[in-house]
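A.B. asks: The structure file model33.txt (compact mmCIF, C-alpha atoms and all ligand atoms) is provided below.
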```txt
# COMPACT_ATOMS: atom_id res chain seq x y z
CA MET A 18 70.47 90.05 105.07
CA LYS A 19 70.14 89.88 108.84
CA VAL A 20 73.26 90.19 110.99
CA MET A 21 73.96 90.60 114.69
CA MET A 22 76.37 93.42 115.36
CA ILE A 23 78.48 94.38 118.35
CA GLU A 24 78.31 98.14 117.79
CA LYS A 25 80.66 98.97 120.63
CA ALA A 26 81.67 97.29 123.88
CA GLY A 27 78.48 96.28 125.68
CA LEU A 28 76.03 96.96 122.82
CA ILE A 29 74.59 94.21 120.56
CA SER A 30 71.92 94.94 117.95
CA ALA A 31 70.20 93.23 115.01
CA LYS A 32 70.80 94.95 111.64
CA GLU A 33 69.84 94.59 107.98
CA VAL A 34 72.89 94.98 105.71
CA PRO A 35 73.61 94.16 102.03
CA ILE A 36 74.81 90.63 101.18
CA PRO A 37 78.65 90.83 100.78
CA VAL A 38 80.00 91.45 97.25
CA LEU A 39 82.77 89.02 96.23
CA ASP A 40 86.14 89.70 94.69
CA ASP A 41 87.57 87.11 92.27
CA PHE A 42 89.20 84.98 95.00
CA GLU A 43 86.36 84.99 97.50
CA VAL A 44 83.55 82.60 98.40
CA LEU A 45 80.06 83.54 99.66
CA ILE A 46 78.74 81.19 102.34
CA LYS A 47 75.16 80.80 103.57
CA VAL A 48 75.82 80.38 107.30
CA MET A 49 74.11 77.31 108.81
CA SER A 50 75.83 77.02 112.23
CA SER A 51 77.88 79.58 114.10
CA GLY A 52 79.33 78.90 117.55
CA ILE A 53 79.79 81.52 120.26
CA CYS A 54 83.32 81.55 121.68
CA GLY A 55 84.84 82.99 124.84
CA THR A 56 86.58 85.41 122.47
CA ASP A 57 83.16 86.80 121.45
CA VAL A 58 82.41 87.43 125.13
CA HIS A 59 85.77 89.25 125.38
CA ILE A 60 84.93 91.30 122.24
CA PHE A 61 81.52 92.14 123.75
CA HIS A 62 83.29 93.42 126.89
CA GLY A 63 85.89 95.37 124.87
CA GLU A 64 88.73 93.18 126.16
CA TYR A 65 90.17 91.83 122.93
CA LEU A 66 91.62 92.68 119.53
CA GLY A 67 89.07 93.79 116.99
CA SER A 68 87.44 96.96 115.84
CA TYR A 69 83.85 98.16 116.29
CA PRO A 70 81.27 97.89 114.89
CA ILE A 71 81.82 94.20 114.13
CA VAL A 72 79.65 91.28 113.04
CA PRO A 73 81.17 88.62 115.33
CA GLY A 74 81.36 84.87 114.75
CA HIS A 75 84.60 83.12 113.79
CA GLU A 76 83.49 79.49 114.36
CA PHE A 77 81.01 78.72 111.60
CA SER A 78 80.04 76.48 108.71
CA GLY A 79 77.58 76.64 105.87
CA ILE A 80 76.78 76.07 102.20
CA VAL A 81 78.66 77.78 99.38
CA GLU A 82 76.22 80.10 97.64
CA LYS A 83 78.51 81.79 95.11
CA VAL A 84 82.20 81.80 94.14
CA GLY A 85 84.50 84.44 92.61
CA LYS A 86 85.86 84.06 89.06
CA GLN A 87 89.29 82.75 90.15
CA VAL A 88 87.98 80.26 92.73
CA LYS A 89 89.01 76.72 91.76
CA ARG A 90 88.91 74.25 94.66
CA ILE A 91 85.55 75.22 96.19
CA LYS A 92 82.23 74.80 94.32
CA VAL A 93 78.71 76.17 94.75
CA GLY A 94 76.78 73.80 97.03
CA ASP A 95 79.85 72.56 98.97
CA HIS A 96 79.44 72.23 102.73
CA VAL A 97 82.32 74.18 104.23
CA ALA A 98 83.98 75.57 107.35
CA VAL A 99 86.24 78.60 107.50
CA GLU A 100 89.66 79.11 109.06
CA PRO A 101 88.98 82.66 110.27
CA ASN A 102 92.59 83.82 110.64
CA ILE A 103 93.48 85.26 107.25
CA ALA A 104 97.23 85.58 106.75
CA CYS A 105 98.95 87.55 103.97
CA ASP A 106 101.37 84.67 103.19
CA ASN A 107 104.03 87.25 102.33
CA CYS A 108 105.39 88.74 105.58
CA ASP A 109 108.42 87.48 107.55
CA ASN A 110 106.23 85.49 109.93
CA CYS A 111 104.07 83.94 107.20
CA LEU A 112 107.15 82.97 105.19
CA GLU A 113 108.40 80.96 108.17
CA ASN A 114 105.04 79.25 108.81
CA ARG A 115 104.02 81.44 111.69
CA GLN A 116 100.83 82.56 109.97
CA ASN A 117 99.21 83.02 113.38
CA PHE A 118 101.52 86.03 113.83
CA CYS A 119 101.03 87.49 110.34
CA VAL A 120 101.74 91.21 110.55
CA ASN A 121 98.86 91.86 108.12
CA TRP A 122 96.50 89.51 109.93
CA GLN A 123 92.75 89.80 109.43
CA GLY A 124 90.19 87.83 111.44
CA VAL A 125 86.76 86.90 110.09
CA GLY A 126 84.43 87.81 112.95
CA VAL A 127 87.15 89.83 114.69
CA SER A 128 88.34 92.51 112.24
CA LYS A 129 86.15 91.51 109.22
CA PRO A 130 82.40 90.69 109.24
CA GLY A 131 81.83 87.21 110.69
CA GLY A 132 79.38 84.36 110.91
CA MET A 133 76.65 85.82 113.12
CA ALA A 134 74.88 86.61 109.86
CA GLU A 135 72.80 84.95 107.16
CA TYR A 136 75.77 85.20 104.76
CA VAL A 137 79.50 85.73 105.12
CA LYS A 138 82.39 85.87 102.68
CA ALA A 139 85.93 84.54 103.00
CA PRO A 140 88.90 84.03 100.65
CA GLU A 141 88.97 80.59 99.05
CA LYS A 142 92.27 79.73 100.76
CA ALA A 143 90.49 79.97 104.14
CA VAL A 144 87.57 77.72 103.14
CA PHE A 145 87.58 73.95 103.73
CA SER A 146 85.10 71.28 102.65
CA ILE A 147 83.54 69.43 105.60
CA GLY A 148 82.06 66.64 103.45
CA ASP A 149 79.15 65.00 105.24
CA LEU A 150 79.89 66.36 108.73
CA SER A 151 76.87 68.16 110.19
CA PHE A 152 77.01 71.95 110.14
CA ASP A 153 77.18 72.08 113.95
CA GLU A 154 80.26 69.85 113.80
CA GLY A 155 81.69 72.02 111.03
CA ALA A 156 81.41 75.02 113.33
CA PHE A 157 83.89 73.27 115.64
CA CYS A 158 86.58 73.25 112.97
CA GLU A 159 88.12 76.47 114.34
CA PRO A 160 88.08 75.78 118.11
CA LEU A 161 89.29 72.22 117.52
CA SER A 162 92.09 73.56 115.28
CA CYS A 163 93.27 75.79 118.15
CA VAL A 164 93.17 72.82 120.53
CA LEU A 165 95.18 70.64 118.13
CA HIS A 166 97.78 73.37 117.67
CA GLY A 167 98.01 73.82 121.46
CA VAL A 168 98.41 70.13 122.21
CA GLU A 169 101.01 69.84 119.44
CA GLN A 170 103.18 72.35 121.34
CA VAL A 171 103.42 70.03 124.37
CA PRO A 172 105.92 67.17 124.64
CA LEU A 173 103.10 64.71 125.41
CA LYS A 174 104.31 61.11 125.50
CA PHE A 175 102.49 57.79 125.48
CA GLY A 176 101.28 56.98 128.97
CA ASP A 177 101.50 60.53 130.31
CA ARG A 178 99.15 61.52 133.12
CA VAL A 179 97.38 64.70 132.11
CA LEU A 180 95.57 67.23 134.28
CA VAL A 181 93.08 69.58 132.59
CA LEU A 182 92.00 72.62 134.61
CA GLY A 183 88.53 73.68 133.42
CA ALA A 184 85.71 71.66 131.87
CA GLY A 185 84.13 74.05 129.39
CA PRO A 186 83.88 72.98 125.73
CA ILE A 187 87.58 73.77 125.18
CA GLY A 188 88.66 71.86 128.31
CA MET A 189 86.67 68.90 126.99
CA LEU A 190 88.34 69.07 123.57
CA LEU A 191 91.78 69.39 125.18
CA ALA A 192 91.06 66.31 127.30
CA ALA A 193 89.85 64.27 124.32
CA THR A 194 92.82 65.37 122.20
CA ALA A 195 95.37 64.54 124.91
CA LYS A 196 93.78 61.11 125.16
CA ILE A 197 94.09 60.27 121.48
CA ARG A 198 97.68 61.56 121.60
CA GLY A 199 98.54 58.84 124.11
CA ALA A 200 97.71 60.03 127.63
CA SER A 201 97.12 57.13 130.02
CA SER A 202 94.77 59.14 132.21
CA ILE A 203 92.95 62.44 132.16
CA THR A 204 92.09 64.19 135.40
CA GLN A 205 89.78 67.17 135.06
CA VAL A 206 88.93 69.89 137.56
CA ASP A 207 86.05 72.37 137.55
CA LYS A 208 83.86 73.98 140.20
CA ASN A 209 80.73 73.48 138.09
CA GLU A 210 79.23 70.07 138.98
CA SER A 211 77.20 69.66 135.78
CA ARG A 212 80.33 70.28 133.70
CA LEU A 213 82.27 67.75 135.80
CA GLU A 214 79.61 65.09 135.27
CA MET A 215 79.81 65.78 131.57
CA ALA A 216 83.65 65.61 131.68
CA LYS A 217 83.40 62.14 133.22
CA SER A 218 81.17 60.89 130.42
CA TYR A 219 83.31 62.65 127.80
CA ALA A 220 87.07 62.11 128.17
CA ALA A 221 88.03 62.37 131.86
CA ASP A 222 89.00 59.34 133.94
CA PHE A 223 89.01 61.27 137.22
CA ILE A 224 87.13 64.43 138.18
CA TYR A 225 87.64 66.86 141.06
CA ASN A 226 85.69 69.95 142.07
CA ASP A 227 88.51 71.26 144.23
CA LEU A 228 92.24 71.64 143.58
CA GLU A 229 93.05 71.17 147.28
CA THR A 230 92.16 67.48 147.23
CA LEU A 231 94.39 66.77 144.23
CA LYS A 232 97.85 65.20 144.51
CA GLY A 233 100.57 67.83 143.95
CA GLN A 234 103.74 67.46 141.82
CA PHE A 235 102.33 64.45 140.05
CA PHE A 236 101.16 65.14 136.50
CA ASP A 237 103.40 64.87 133.45
CA VAL A 238 101.35 67.51 131.67
CA VAL A 239 99.05 70.16 133.13
CA ILE A 240 96.74 72.03 130.76
CA GLU A 241 95.18 75.25 132.01
CA ALA A 242 91.91 75.75 130.11
CA SER A 243 90.15 78.52 132.02
CA GLY A 244 92.37 81.62 131.94
CA SER A 245 91.48 82.26 135.59
CA LYS A 246 94.05 83.79 137.94
CA TYR A 247 93.56 81.15 140.61
CA LEU A 248 94.03 78.18 138.28
CA LEU A 249 96.94 79.79 136.40
CA GLU A 250 98.79 80.54 139.63
CA ASN A 251 98.23 77.05 140.99
CA SER A 252 98.80 75.09 137.79
CA LEU A 253 102.56 74.67 138.34
CA HIS A 254 102.22 72.90 141.68
CA TYR A 255 100.57 69.92 140.05
CA ALA A 256 103.27 69.22 137.46
CA ARG A 257 105.93 66.65 138.33
CA GLU A 258 109.65 67.52 138.16
CA GLY A 259 110.47 68.29 134.53
CA GLY A 260 106.77 68.37 133.64
CA SER A 261 105.03 70.71 131.22
CA VAL A 262 102.30 73.27 131.82
CA LEU A 263 100.32 74.53 128.84
CA PHE A 264 98.61 77.90 129.28
CA PHE A 265 95.67 77.51 126.89
CA GLY A 266 92.76 79.44 128.45
CA VAL A 267 92.45 83.08 127.33
CA PRO A 268 93.12 85.32 130.34
CA GLY A 269 92.01 88.93 130.67
CA LYS A 270 94.37 91.21 128.72
CA ASP A 271 95.62 93.00 131.83
CA LEU A 272 95.84 90.02 134.18
CA ILE A 273 99.15 89.67 136.06
CA ILE A 274 99.81 86.49 138.08
CA ASN A 275 102.28 85.40 140.74
CA LEU A 276 104.56 82.50 139.85
CA SER A 277 107.69 81.35 141.64
CA PRO A 278 110.74 81.41 139.32
CA PHE A 279 112.54 79.31 141.93
CA GLU A 280 109.89 76.62 141.56
CA ILE A 281 110.27 76.71 137.78
CA PHE A 282 114.09 76.51 138.13
CA SER A 283 114.35 73.94 140.88
CA ARG A 284 111.75 71.61 139.41
CA SER A 285 112.73 72.28 135.78
CA LEU A 286 109.18 73.04 134.68
CA LYS A 287 108.27 73.96 131.13
CA ILE A 288 105.61 76.62 130.68
CA ILE A 289 104.18 76.67 127.17
CA GLY A 290 101.99 79.27 125.50
CA THR A 291 99.89 78.76 122.39
CA TYR A 292 98.08 81.22 120.15
CA THR A 293 95.29 80.30 117.70
CA SER A 294 96.25 77.70 115.09
CA VAL A 295 98.48 77.18 112.07
CA ARG A 296 96.96 75.15 109.25
CA ASN A 297 95.12 72.71 111.53
CA SER A 298 91.71 72.78 109.81
CA ILE A 299 92.17 69.62 107.75
CA GLN A 300 93.35 67.73 110.84
CA ALA A 301 90.31 68.96 112.78
CA ILE A 302 87.89 67.92 110.02
CA ARG A 303 89.49 64.47 109.66
CA LEU A 304 89.43 63.79 113.41
CA MET A 305 85.72 64.64 113.52
CA GLN A 306 84.99 62.60 110.40
CA SER A 307 86.75 59.56 111.85
CA HIS A 308 84.84 60.04 115.17
CA GLN A 309 88.11 60.13 117.12
CA ILE A 310 86.81 63.46 118.38
CA ASP A 311 83.04 63.73 118.82
CA VAL A 312 81.98 67.33 119.40
CA ARG A 313 78.22 66.69 119.35
CA PRO A 314 77.79 66.17 123.13
CA LEU A 315 79.35 69.62 123.65
CA ILE A 316 76.57 71.58 121.90
CA ASN A 317 74.01 73.27 124.16
CA PRO A 318 71.92 75.37 123.67
CA VAL A 319 71.03 75.83 119.98
CA LEU A 320 69.56 79.30 119.31
CA PRO A 321 68.33 81.44 116.39
CA LEU A 322 70.37 84.44 115.21
CA GLU A 323 68.30 87.01 117.12
CA ALA A 324 69.22 85.24 120.37
CA PHE A 325 72.97 85.93 120.00
CA GLY A 326 72.87 88.39 122.91
CA GLN A 327 71.18 85.80 125.13
CA GLY A 328 73.91 83.31 124.20
CA ILE A 329 76.64 85.79 125.20
CA GLN A 330 74.82 86.42 128.49
CA ALA A 331 74.45 82.70 129.25
CA LEU A 332 78.21 82.21 128.76
CA ASP A 333 79.08 85.31 130.73
CA GLU A 334 77.07 84.13 133.72
CA GLY A 335 78.43 80.56 133.40
CA ARG A 336 74.85 79.28 133.44
CA SER A 337 74.55 75.60 134.39
CA GLY A 338 74.37 73.17 131.48
CA VAL A 339 75.57 75.74 128.94
CA MET A 340 78.46 74.45 126.83
CA LYS A 341 79.08 75.54 123.22
CA VAL A 342 76.23 77.90 122.32
CA MET A 343 75.33 77.21 118.69
CA ILE A 344 73.54 79.88 116.61
CA ARG A 345 71.65 78.71 113.51
CA PRO A 346 71.15 81.84 111.39
CA GLN A 347 68.71 80.22 108.93
CA GLN A 348 66.18 79.20 111.61
ZN ZN A 401 86.92 80.83 119.10
ZN ZN A 402 101.71 87.62 106.81
```
Written as structure tokens, that's how I'd like the structure from this file.
C.D. replies:
Amino acid sequence: MKVMMIEKAGLISAKEVPIPVLDDFEVLIKVMSSGICGTDVHIFHGEYLGSYPIVPGHEFSGIVEKVGKQVKRIKVGDHVAVEPNIACDNCDNCLENRQNFCVNWQGVGVSKPGGMAEYVKAPEKAVFSIGDLSFDEGAFCEPLSCVLHGVEQVPLKFGDRVLVLGAGPIGMLLAATAKIRGASSITQVDKNESRLEMAKSYAADFIYNDLETLKGQFFDVVIEASGSKYLLENSLHYAREGGSVLFFGVPGKDLIINLSPFEIFSRSLKIIGTYTSVRNSIQAIRLMQSHQIDVRPLINPVLPLEAFGQGIQALDEGRSGVMKVMIRPQQ
């Protein structure tokens, strides 16, 4: 089968490798849609967890081609998405429902071969039926799960005014999720005009291309969705007294920022971190199936497997109009 491989930081190549062999508890999936994530860009640059060489791709969906002898819930022909974080379910963290911090953690597309391939395997417990969702929507199961987990960490109340910093695909999902959780208004900020326009037609009520023009100490909840130093450092100033600031965007591993502890103390701010997801796949699938979250406007461009490197480059350069790059390995 064909795969795209990140051989080491900075080097992507197309390879032919054998189709994965299943153990009794595993499922073989013919990959139909596989999204490129900011994490893949970090892996490409050597700035993230993960070992090389790696077949990337942790946001994917497809058709079940084959199942192991002990597989019960999933059947050949099912349309499925995968929760790529594989937990052992038997360490101290797993036993207290912190599977995202499993000490024996494995990540499909991070430490195990992922979805930038014609076929991929995963344990049955990580595989979820997507019913009649499209495969492109199914590929959003993972990023949407992370967004749901993040927003669930925030004390977001009905009527809250929410500020989202960044209008990439994740910023858009955060905005839409905050809205269905009861926000009365979403204000979204990005420097990229085409993304802002899109934000306005997606979930934002107000858009700004510049933080300076925005009212300070006003928002009940601020969500940082870029990981950039500038936005992280400024995020606190926009929260009201007692407000919450969610750090969602993935910053560079070595980034250090300046924050004022006196500001946090004197205005009683809550800074909240969030890491991946914990059992949010079914929620994500249901919210897409009920159309409460529509991910389809966020897909652009759609590319064949060989163009994975071009997709990484387009994201890296922040090319105009590029949102979630979707790879379709069977095209
Ligand atoms: Zn991702
Ligand atoms: Zn564990």
A.B. asks: Quick one: of A:Gln309, A:Gln87, A:Gly199, A:Ala220, who's nearest to A:Pro186, counting all atoms listed in the file?
C.D. replies: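 Once distances to A:Pro186 are computed over all atoms listed in the file, the minimum belongs to A:Ala220.
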A.B. asks: Suppose you want the space between atom CA of A:Glu210 and atom CA of A:Val339; what is it in Å?
C.D. replies: 12.1 Å
A.B. asks: If you take only C-alpha atoms and all ligand atoms and a cut-off of 12 Å, which residues of chain A touch ligand ZN 401 (chain A), and what are their nearest atom pairs and distances in Å to one decimal, in chain and number order, as a tab-separated table?
C.D. replies:
```
residue	atom	partner	partner_atom	distance
A:Ser51	CA	A:ZN401	ZN	10.4
A:Gly52	CA	A:ZN401	ZN	8.0
A:Ile53	CA	A:ZN401	ZN	7.3
A:Cys54	CA	A:ZN401	ZN	4.5
A:Gly55	CA	A:ZN401	ZN	6.5
A:Thr56	CA	A:ZN401	ZN	5.7
A:Asp57	CA	A:ZN401	ZN	7.4
A:Val58	CA	A:ZN401	ZN	10.0
A:His59	CA	A:ZN401	ZN	10.6
A:Ile60	CA	A:ZN401	ZN	11.1
A:Pro73	CA	A:ZN401	ZN	10.4
A:Gly74	CA	A:ZN401	ZN	8.1
A:His75	CA	A:ZN401	ZN	6.2
A:Glu76	CA	A:ZN401	ZN	6.0
A:Phe77	CA	A:ZN401	ZN	9.8
A:Val99	CA	A:ZN401	ZN	11.8
A:Glu100	CA	A:ZN401	ZN	10.5
A:Pro101	CA	A:ZN401	ZN	9.2
A:Asn102	CA	A:ZN401	ZN	10.6
A:Gly124	CA	A:ZN401	ZN	10.9
A:Val125	CA	A:ZN401	ZN	10.9
A:Gly126	CA	A:ZN401	ZN	9.6
A:Val127	CA	A:ZN401	ZN	10.0
A:Gly131	CA	A:ZN401	ZN	11.7
A:Gly132	CA	A:ZN401	ZN	11.7
A:Ala156	CA	A:ZN401	ZN	9.9
A:Phe157	CA	A:ZN401	ZN	8.8
A:Cys158	CA	A:ZN401	ZN	9.8
A:Glu159	CA	A:ZN401	ZN	6.6
A:Pro160	CA	A:ZN401	ZN	5.3
A:Leu161	CA	A:ZN401	ZN	9.1
A:Ser162	CA	A:ZN401	ZN	9.7
A:Cys163	CA	A:ZN401	ZN	8.2
A:Val164	CA	A:ZN401	ZN	10.3
A:Pro186	CA	A:ZN401	ZN	10.7
A:Ile187	CA	A:ZN401	ZN	9.3
A:Gly266	CA	A:ZN401	ZN	11.1
A:Val267	CA	A:ZN401	ZN	10.2
A:Tyr292	CA	A:ZN401	ZN	11.2
A:Thr293	CA	A:ZN401	ZN	8.5
A:Ser294	CA	A:ZN401	ZN	10.6
A:Lys341	CA	A:ZN401	ZN	10.3
A:Val342	CA	A:ZN401	ZN	11.5
```
A.B. asks: Which residues are near ligand ZN 402 (chain A) in this structure, taking near to mean any atom at most 10 Å from a ligand atom and counting all atoms listed in the file? Format them as a compact mmCIF listing (two decimals) with C-alpha atoms, in the frame of the given file.
C.D. replies:
```
# COMPACT_ATOMS: atom_id res chain seq x y z
CA ILE A 103 93.48 85.26 107.25
CA ALA A 104 97.23 85.58 106.75
CA CYS A 105 98.95 87.55 103.97
CA ASP A 106 101.37 84.67 103.19
CA ASN A 107 104.03 87.25 102.33
CA CYS A 108 105.39 88.74 105.58
CA ASP A 109 108.42 87.48 107.55
CA ASN A 110 106.23 85.49 109.93
CA CYS A 111 104.07 83.94 107.20
CA LEU A 112 107.15 82.97 105.19
CA GLU A 113 108.40 80.96 108.17
CA ASN A 114 105.04 79.25 108.81
CA ARG A 115 104.02 81.44 111.69
CA GLN A 116 100.83 82.56 109.97
CA ASN A 117 99.21 83.02 113.38
CA PHE A 118 101.52 86.03 113.83
CA CYS A 119 101.03 87.49 110.34
CA VAL A 120 101.74 91.21 110.55
CA ASN A 121 98.86 91.86 108.12
CA TRP A 122 96.50 89.51 109.93
CA GLN A 123 92.75 89.80 109.43
```
A.B. asks: Leaving out A:Met340 and any residue of its chain fewer than 6 positions from it, which residues lie within 9 Å of it when counting all atoms listed in the file, given as number ranges by chain?
C.D. replies: A: 185-186, 212, 315-318, 332
A.B. asks: For A:Gln348, which residue out of A:Ile329, A:Ala184, A:Val81, A:Leu320 is the nearest one, using all atoms listed in the file?
C.D. replies: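 Going through A:Ile329, A:Ala184, A:Val81, A:Leu320 one by one, the smallest distance to A:Gln348 is for A:Leu320.
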A.B. asks: Dig up all the protein and nucleic acid residues within 12 Å of (86.1, 86.2, 86.1) in the file frame, using all atoms listed in the file, and format them as a list in words.
C.D. replies: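 Looking at atoms near the point gives Leu39, Asp40, Asp41, Phe42, Glu43, Val84, Gly85, Lys86, Gln87, Val88 and Lys89 of chain A.
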A.B. asks: A:Glu323, A:Val312, A:Gly244, A:Leu190: which is nearest A:His166, counting only C-alpha atoms?
C.D. replies: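 The answer is A:Leu190, which sits nearest to A:His166.
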A.B. asks: Could you tell me which of A:Ala216, A:Leu180, A:Ile299, A:Leu28 comes closest to A:Leu253 if we count all atoms listed in the file?
C.D. replies: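 Ranking A:Ala216, A:Leu180, A:Ile299, A:Leu28 by distance to A:Leu253, first place goes to A:Leu180.
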A.B. asks: How about completing stretch 276-295 of chain A with N, CA and C atoms and giving it to me as a short mmCIF file (atom, residue, chain, number, x, y, z; two decimals), in the frame of the given file?
C.D. replies:
```cif
data_model
loop_
_atom_site.label_atom_id
_atom_site.label_comp_id
_atom_site.auth_asym_id
_atom_site.auth_seq_id
_atom_site.Cartn_x
_atom_site.Cartn_y
_atom_site.Cartn_z
N LEU A 276 103.97 83.83 140.00
CA LEU A 276 104.56 82.50 139.85
C LEU A 276 105.92 82.54 140.51
N SER A 277 106.39 81.39 141.00
CA SER A 277 107.69 81.35 141.64
C SER A 277 108.76 80.91 140.63
N PRO A 278 109.66 81.82 140.25
CA PRO A 278 110.74 81.41 139.32
C PRO A 278 111.61 80.33 139.95
N PHE A 279 111.72 80.34 141.29
CA PHE A 279 112.54 79.31 141.93
C PHE A 279 111.91 77.93 141.74
N GLU A 280 110.58 77.90 141.79
CA GLU A 280 109.89 76.62 141.56
C GLU A 280 110.13 76.14 140.12
N ILE A 281 110.07 77.08 139.19
CA ILE A 281 110.27 76.71 137.78
C ILE A 281 111.71 76.19 137.59
N PHE A 282 112.68 76.89 138.21
CA PHE A 282 114.09 76.51 138.13
C PHE A 282 114.33 75.17 138.82
N SER A 283 113.93 75.09 140.08
CA SER A 283 114.35 73.94 140.88
C SER A 283 113.62 72.66 140.50
N ARG A 284 112.46 72.81 139.85
CA ARG A 284 111.75 71.61 139.41
C ARG A 284 111.76 71.49 137.89
N SER A 285 112.53 72.35 137.23
CA SER A 285 112.73 72.28 135.78
C SER A 285 111.41 72.16 135.01
N LEU A 286 110.50 73.08 135.32
CA LEU A 286 109.18 73.04 134.68
C LEU A 286 109.23 73.75 133.33
N LYS A 287 108.39 73.29 132.43
CA LYS A 287 108.27 73.96 131.13
C LYS A 287 106.90 74.61 131.06
N ILE A 288 106.88 75.91 130.85
CA ILE A 288 105.61 76.62 130.68
C ILE A 288 105.48 76.96 129.20
N ILE A 289 104.35 76.55 128.62
CA ILE A 289 104.18 76.67 127.17
C ILE A 289 102.95 77.51 126.86
N GLY A 290 103.12 78.48 125.97
CA GLY A 290 101.99 79.27 125.50
C GLY A 290 101.57 78.81 124.13
N THR A 291 100.35 79.13 123.73
CA THR A 291 99.89 78.76 122.39
C THR A 291 98.89 79.81 121.93
N TYR A 292 98.95 80.17 120.66
CA TYR A 292 98.08 81.22 120.15
C TYR A 292 97.43 80.78 118.84
N THR A 293 96.13 80.72 118.83
CA THR A 293 95.29 80.30 117.70
C THR A 293 95.80 79.00 117.06
N SER A 294 95.90 78.95 115.76
CA SER A 294 96.25 77.70 115.09
C SER A 294 97.08 78.03 113.86
N VAL A 295 97.73 77.01 113.32
CA VAL A 295 98.48 77.18 112.07
C VAL A 295 98.16 76.00 111.17
#
```
